[in-house]
Amino acid sequence: FHKTRIVCHANDLNPVSYRYLQGNAKGNRCFSDRLVVYNLDAREFIRRMNEQGVEADHFIMNLPQLAPEFLDAFRGWKFRGEEKKRPLVHVHCFGEKARNADEFVRVERQAQQRCEKALGSPGCLSDSKASDNDFGVRVVRDVGPRKNMLCVSFRLPREVGGVEKIELNVGSSDCGADGNANGGKRDRTKDEGGASTDGTDSHPSKRIKE
């Protein structure tokens with residue numbers, strides 16, 4: 001094991017994937033003090049992390065088709081501690097393939113606005129706050145002639161703490177903040193992404209995967 005204690009919270013909605021997650025954890029000697037697994041809807045999982053006081057360093061949301069929409073689960077986030085710790089969120093999504101720097105700026109802005117809309121706080125990731133929120137967009141890989149997979153990373157904006165929480169419909173995994181069906185999200189493999197938290201010496205590092 002790595003000398004720095006890292007704890008990963010991993011979630012998968014698919015019960016078959018969840019069983020494989022448990023089996024792989026056992027086969028690779030990832031014990032429950034280092035890997036905590038869940039079989040929940042992604043929104044419920046994010047909400048539970050906050051309600052249980054898990055001090056996440058990173059959230060990795062790795063389903064590019066829908067991940068940005070699930071950012072609405074962070075609305076009303078309770079920032080704890082004297083420093084009001086703000087986790088880094090890494091959201092995978094698809095975007096247009098930029099042919100030059102100007103086009104990439106446009107693609108970056110589109111991804112930014114999509115995230116802001118889901119967080120319920122327009123402008124919270126704007127240029128004027130980019131340094132405070134460590135906002136950035138990078139290309140993960142080429143997925144088609146006109147499409148790339150992107151990873152949008154940012155520190156959870158303080159503004160979301162004042163946004164009204166969405167109502168979770170635990171019985172149905174496909175209800176978004178607007179009440180419309182948009183598909184239940186499950187984050188599957190580590191390479192595709194996940195939600196994670198890394199701690200330091202005084203606190204166990206925690207990785208949260210959705």
# chains A, B, ... in the order shown; residues from 1 in each chain; ligands from 1
$ residues_around --residues "A:Gly144" --least-positions-apart "6" --cutoff "12 Å" --atoms "only C-alpha atoms" --output "PDB file with N, CA, C and O atoms, in the first residue's frame"
ATOM      1  N   PHE A  94     -18.748  15.429 -23.353  1.00  0.00           N
ATOM      2  CA  PHE A  94     -18.374  15.506 -24.761  1.00  0.00           C
ATOM      3  C   PHE A  94     -18.432  16.958 -25.220  1.00  0.00           C
ATOM      4  O   PHE A  94     -19.226  17.753 -24.720  1.00  0.00           O
ATOM      5  N   GLY A  95     -17.568  17.286 -26.175  1.00  0.00           N
ATOM      6  CA  GLY A  95     -17.569  18.631 -26.719  1.00  0.00           C
ATOM      7  C   GLY A  95     -17.112  18.618 -28.163  1.00  0.00           C
ATOM      8  O   GLY A  95     -16.484  17.656 -28.631  1.00  0.00           O
ATOM      9  N   GLU A  96     -17.426  19.690 -28.849  1.00  0.00           N
ATOM     10  CA  GLU A  96     -17.028  19.831 -30.246  1.00  0.00           C
ATOM     11  C   GLU A  96     -15.495  19.849 -30.361  1.00  0.00           C
ATOM     12  O   GLU A  96     -14.805  20.393 -29.499  1.00  0.00           O
ATOM     13  N   LYS A  97     -14.978  19.248 -31.404  1.00  0.00           N
ATOM     14  CA  LYS A  97     -13.534  19.233 -31.620  1.00  0.00           C
ATOM     15  C   LYS A  97     -13.088  20.586 -32.177  1.00  0.00           C
ATOM     16  O   LYS A  97     -13.511  21.000 -33.262  1.00  0.00           O
TER      17      LYS A  97
END
$ select_by_dssp --residues "stretch 22-174 of chain A" --states "strand (DSSP E or B)" --output "PyMOL selection string"
chain A and resi 35-38+58-61+88-96+136-144+147-155
$ residues_around --residues "A:Gly161" --least-positions-apart "2" --cutoff "8 Å" --atoms "only C-alpha atoms" --output "list in words"
Arg75, Gly76, Trp77, Lys78, Phe79, Arg158, Glu159 and Val163 of chain A
$ closest_atom_pairs --of "stretch 60-141 of chain A" --to "stretch 25-44 of chain A" --cutoff "12 Å" --atoms "only C-alpha atoms" --output "tab-separated table"
residue	atom	partner	partner_atom	distance
A:Ile60	CA	A:Ala42	CA	11.4
A:Met61	CA	A:Ala42	CA	9.1
A:Asn62	CA	A:Ala42	CA	10.9
A:Leu63	CA	A:Ala42	CA	10.6
A:Leu66	CA	A:Ala42	CA	10.9
A:Ala67	CA	A:Ala42	CA	9.4
A:Pro68	CA	A:Arg43	CA	11.7
A:Glu69	CA	A:Arg43	CA	10.1
A:Phe70	CA	A:Arg43	CA	6.5
A:Leu71	CA	A:Arg43	CA	8.2
A:Asp72	CA	A:Arg43	CA	8.0
A:Ala73	CA	A:Arg43	CA	5.2
A:Phe74	CA	A:Arg43	CA	8.4
A:Arg75	CA	A:Arg43	CA	10.5
$ atom_distance --atom1 "atom CA of A:Cys151" --atom2 "atom CA of A:Ile6"
22.5 Å
$ atom_distance --atom1 "atom CA of A:Leu13" --atom2 "atom CA of A:Gln113"
27.0 Å
$ closest_residue --among "A:Arg19, A:Phe104, A:Cys8, A:Asn14" --to "A:Val54" --atoms "only C-alpha atoms"
A:Cys8
$ residues_around --residues "A:Phe135" --least-positions-apart "5" --cutoff "7 Å" --atoms "only C-alpha atoms" --output "ChimeraX atom specification"
/A:125,130,153-155
